[in-house]
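J.: My questions will all concern the structure given below.
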Amino acid sequence: MKRGFQENEREDGGGPSSGSGKTLKWSHKQRRENEVVEEGPSWECLPQEILFHIFQYLPLLDRAYASQVCRGWNQAFHMPELWRCFEFELNQPASSYLKATHPDLIKQIIKKHSNHLQYVSFKVDSSRESAEAACDILSQLVNCSLKTLGLISTARPSFMEMPKSHFISALTVVFVNSKSLSSLKIDDTPVDDPSLKVLVANNSDTLKLLKMSSCPHVSPAGIMCVADQCHGLRELALNYHLLSDELLIALSSEKHVHLEHLRIDVVSENPGQQFHTIKKSSWDAMVRHSPKFSLVMYFFLYEEEFDIFFRDEIPVTHLYFGRSVSKDVLGRVGLTCPRLVELVVCANGLRPLDEELIRIAQRCTQLSAIGLGECEVSCSAFVEFVKMCGDRLTQLSIMEEVLVPDHRYELDDIHWEVSKHLGRVWFPDMMPTW
């Protein structure tokens with residue numbers, strides 16, 4: 001019996017110790033599986049596409065810290081897709097409260113990811129040091145082909161303070177190596193005509209957006225070079241001194257695509273500055289070629305400098321007056337701007353604009369947004385204006401002090417009357433919203 005019992009134990013896999021060991025192993029395995037079920041999936045096992053989605057919303061420094069968690073997260077940190085779009089923030093601690101991109105991270109980006117960069121912007125403060133740091137980075141981007149580049153100065157003078165040759169040299173590196181540049185924003189920079197020729201020579205087939213307001217070293221001939229060669233240009237922003245009849249005719253030629261957006265900044269550098277005129281026939285050619293294009297004009301002039309403007313019909317759609325504008329000029333706006341969609345008047349004076357506002361409502365039948373700052377309009381005229389425009393006014397930003405009570409309406413009554421004609425609740429603004 002004893003021998004038979006021992007033989008049965010050997011057939012079952014050994015003595016009593018073997019059975020208990022098997023039971024212990026089984027219980028340990030089961031406990032480990034139960035722990036996995038209770039804890040849920042590990043962060044280390046997240047799919048790369050989910051990690052990419054998370055990482056792209058993290059600030060660069062947080063992204064760098066996260067890459068040190070484990071091997072999988074470090075691999076996600078170096079995914080090429082994560083480095084296609086990047087903004088360099090370059091600020092001097094003594095002159096800016098904004099956070100800057102750490103120099104060590106910049107070195108790592110240039111060393112390991114410069115060939116992945118496609119959509120790049122530089123945000124710099126007013127210091128010359130920050131502008132020069134941006135140009136140093138641009139000079140090293142020899143292995144990448146950018147699609148968009150934006151140079152953004154959070155305050156002047158920035159790029160205008162640095163040596164012109166240094167800036168042009170850095171920009172030329174990008175223009176030569178990027179064969180598919182489609183969007184370029186270089187406002188307030190010392191870019192010049194020769195550098196624009198380099199841009200056109202290498203990117204004429206792909207350039208669609210060019211913003212270069214306040215670039216004093218560019219001449220009308222320089223911008224004409226761009227218009228003649230870049231037939232796919234859809235958005236253009238420049239100062240008024242670069243605008244010419246020849247430029248509008250070039251943008252209206254059959255070989256040129258339909259321009260969608262043209263922004264013109266009309267800025268006075270010195271009181272009494274003289275401005276040239278643009279022929280009505282040139283604007284007409286532009287409208288015939290691109291009937292749906294938006295013409296945005298920002299005026300920063302003194303009152304006596306408006307004499308040549310709004311004498312003939314102009315196809316402006318969005319009109320902004322940043323300085324005080326006379327009652328006479330606003331009267332001409334109502335007669336010469338039939339395509340007007342948006343109007344902002346920051347200041348006018350103490351003469352009521354009742355007649356001018358009514359005329360704009362009558363003649364500018366596409367007007368859908370208006371903002372009024374330091375000017376005066378009687379409550380009755382304002383209600384009549386809203387009644388004529390009706391619910392097409394999607395944006396109505398009127399400072400409370402603009403409205404002058406009269407025999408028909410007090411300030412306490414006007415919001416009810418205006419709300420009735422708009423079809424929605426409306427109140428005057430306490431602060432400017434434009």
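Naming scheme: A, B, ... for chains in displayed order of the structure tokens; residues 1 onward per chain; ligands 1 onward as shown.
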Need to verify the contact set: A:Ser182, 6 Å, only C-alpha atoms, exclusion of same-chain residues closer than 5 positions in sequence. Can you return it as a VMD selection string?
T.: chain A and resid 147 to 148 206 to 208
J.: Can you pull out every residue from stretch 119-187 of chain A that DSSP, working from the backbone, puts in strand (DSSP E or B), and format the result as a list in words?
T.: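 Here are the strand (DSSP E or B) residues of stretch 119-187 of chain A: Tyr119, Val120, Ser121, Phe122, Lys123, Val124, Thr148, Leu149, Gly150, Leu151, Ile152, Ser153, Ser183, Leu184 and Lys185 of chain A.
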J.: Take the residues from that selection and write them out as a tab-separated table (two decimals), in the first residue's frame, keeping all heavy atoms.
T.:
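So the final result, stored in selection21.tsv, reads:
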```
chain	number	residue	atom	x	y	z
A	119	TYR	N	6.73	74.04	-40.90
A	119	TYR	CA	5.91	75.21	-40.57
A	119	TYR	C	6.53	75.89	-39.35
A	119	TYR	O	6.33	75.46	-38.22
A	119	TYR	CB	4.47	74.81	-40.29
A	119	TYR	CG	3.88	73.91	-41.35
A	119	TYR	CD1	3.92	72.52	-41.23
A	119	TYR	CD2	3.30	74.45	-42.50
A	119	TYR	CE1	3.40	71.70	-42.22
A	119	TYR	CE2	2.78	73.64	-43.49
A	119	TYR	CZ	2.82	72.27	-43.34
A	119	TYR	OH	2.31	71.46	-44.31
A	120	VAL	N	7.29	76.95	-39.58
A	120	VAL	CA	8.11	77.55	-38.54
A	120	VAL	C	7.78	79.03	-38.36
A	120	VAL	O	7.56	79.75	-39.34
A	120	VAL	CB	9.62	77.40	-38.88
A	120	VAL	CG1	10.48	78.14	-37.87
A	120	VAL	CG2	10.00	75.93	-38.92
A	121	SER	N	7.74	79.45	-37.11
A	121	SER	CA	7.58	80.87	-36.80
A	121	SER	C	8.54	81.25	-35.69
A	121	SER	O	8.91	80.42	-34.85
A	121	SER	CB	6.13	81.20	-36.40
A	121	SER	OG	5.77	80.50	-35.22
A	122	PHE	N	8.93	82.51	-35.70
A	122	PHE	CA	9.81	83.07	-34.67
A	122	PHE	C	9.08	84.22	-34.00
A	122	PHE	O	8.67	85.18	-34.67
A	122	PHE	CB	11.12	83.58	-35.28
A	122	PHE	CG	12.02	82.49	-35.79
A	122	PHE	CD1	11.83	81.95	-37.05
A	122	PHE	CD2	13.06	82.01	-35.02
A	122	PHE	CE1	12.65	80.96	-37.54
A	122	PHE	CE2	13.90	81.01	-35.49
A	122	PHE	CZ	13.69	80.48	-36.75
A	123	LYS	N	8.91	84.13	-32.71
A	123	LYS	CA	8.28	85.21	-31.94
A	123	LYS	C	9.36	85.85	-31.08
A	123	LYS	O	9.89	85.22	-30.16
A	123	LYS	CB	7.14	84.67	-31.08
A	123	LYS	CG	6.36	85.75	-30.34
A	123	LYS	CD	5.26	85.14	-29.49
A	123	LYS	CE	4.14	84.57	-30.34
A	123	LYS	NZ	3.04	84.06	-29.49
A	124	VAL	N	9.70	87.10	-31.38
A	124	VAL	CA	10.79	87.77	-30.69
A	124	VAL	C	10.30	89.05	-30.03
A	124	VAL	O	9.33	89.66	-30.47
A	124	VAL	CB	11.94	88.10	-31.67
A	124	VAL	CG1	12.46	86.84	-32.34
A	124	VAL	CG2	11.49	89.10	-32.73
A	148	THR	N	6.10	77.15	-44.56
A	148	THR	CA	5.67	78.45	-44.06
A	148	THR	C	6.74	79.00	-43.12
A	148	THR	O	7.38	78.25	-42.38
A	148	THR	CB	4.33	78.37	-43.30
A	148	THR	OG1	4.52	77.67	-42.06
A	148	THR	CG2	3.28	77.66	-44.11
A	149	LEU	N	6.91	80.32	-43.16
A	149	LEU	CA	7.85	81.01	-42.27
A	149	LEU	C	7.23	82.32	-41.82
A	149	LEU	O	6.77	83.11	-42.65
A	149	LEU	CB	9.18	81.28	-42.98
A	149	LEU	CG	10.19	82.13	-42.20
A	149	LEU	CD1	10.62	81.41	-40.92
A	149	LEU	CD2	11.40	82.47	-43.07
A	150	GLY	N	7.21	82.53	-40.51
A	150	GLY	CA	6.69	83.77	-39.97
A	150	GLY	C	7.66	84.39	-38.99
A	150	GLY	O	8.12	83.71	-38.07
A	151	LEU	N	7.98	85.66	-39.19
A	151	LEU	CA	8.83	86.41	-38.27
A	151	LEU	C	7.95	87.43	-37.56
A	151	LEU	O	7.47	88.38	-38.19
A	151	LEU	CB	9.97	87.11	-39.02
A	151	LEU	CG	10.88	86.20	-39.86
A	151	LEU	CD1	11.98	87.02	-40.53
A	151	LEU	CD2	11.49	85.10	-39.01
A	152	ILE	N	7.72	87.22	-36.28
A	152	ILE	CA	6.76	88.01	-35.53
A	152	ILE	C	7.47	88.80	-34.45
A	152	ILE	O	8.09	88.22	-33.55
A	152	ILE	CB	5.68	87.10	-34.89
A	152	ILE	CG1	5.02	86.23	-35.96
A	152	ILE	CG2	4.64	87.92	-34.14
A	152	ILE	CD1	4.21	85.08	-35.40
A	153	SER	N	7.39	90.12	-34.52
A	153	SER	CA	7.94	90.98	-33.49
A	153	SER	C	6.82	91.38	-32.54
A	153	SER	O	5.85	92.02	-32.96
A	153	SER	CB	8.57	92.23	-34.11
A	153	SER	OG	9.62	91.89	-34.98
A	183	SER	N	3.97	80.18	-47.69
A	183	SER	CA	3.49	81.28	-46.86
A	183	SER	C	4.67	81.97	-46.20
A	183	SER	O	5.50	81.32	-45.56
A	183	SER	CB	2.52	80.75	-45.79
A	183	SER	OG	2.14	81.77	-44.90
A	184	LEU	N	4.75	83.31	-46.35
A	184	LEU	CA	5.87	84.08	-45.81
A	184	LEU	C	5.35	85.35	-45.16
A	184	LEU	O	4.71	86.18	-45.81
A	184	LEU	CB	6.86	84.42	-46.93
A	184	LEU	CG	8.11	85.19	-46.53
A	184	LEU	CD1	8.95	84.37	-45.56
A	184	LEU	CD2	8.93	85.56	-47.77
A	185	LYS	N	5.61	85.50	-43.84
A	185	LYS	CA	5.21	86.69	-43.10
A	185	LYS	C	6.46	87.37	-42.57
A	185	LYS	O	7.11	86.86	-41.65
A	185	LYS	CB	4.28	86.31	-41.94
A	185	LYS	CG	3.00	85.59	-42.39
A	185	LYS	CD	2.15	85.18	-41.21
A	185	LYS	CE	0.92	84.40	-41.65
A	185	LYS	NZ	0.08	83.98	-40.49
```
J.: Write out as a Markdown table a residue-level contact list of stretch 318-365 of chain A versus stretch 379-384 of chain A with cut-off 8 Å: for each qualifying residue the closest pair of atoms and the distance in Å to one decimal, counting only C-alpha atoms, rows sorted by chain and residue number upward.
T.:
```
| residue | atom | partner | partner_atom | distance |
| --- | --- | --- | --- | --- |
| A:Asp354 | CA | A:Ala381 | CA | 5.4 |
| A:Glu355 | CA | A:Ala381 | CA | 7.9 |
| A:Leu357 | CA | A:Ala381 | CA | 7.8 |
| A:Ile358 | CA | A:Ala381 | CA | 7.2 |
```
J.: Using only C-alpha atoms for the distances, tell me which of A:Asp125, A:Asp136, A:Asp328, A:Asp228 is nearest to A:Ala250.
T.: A:Asp228
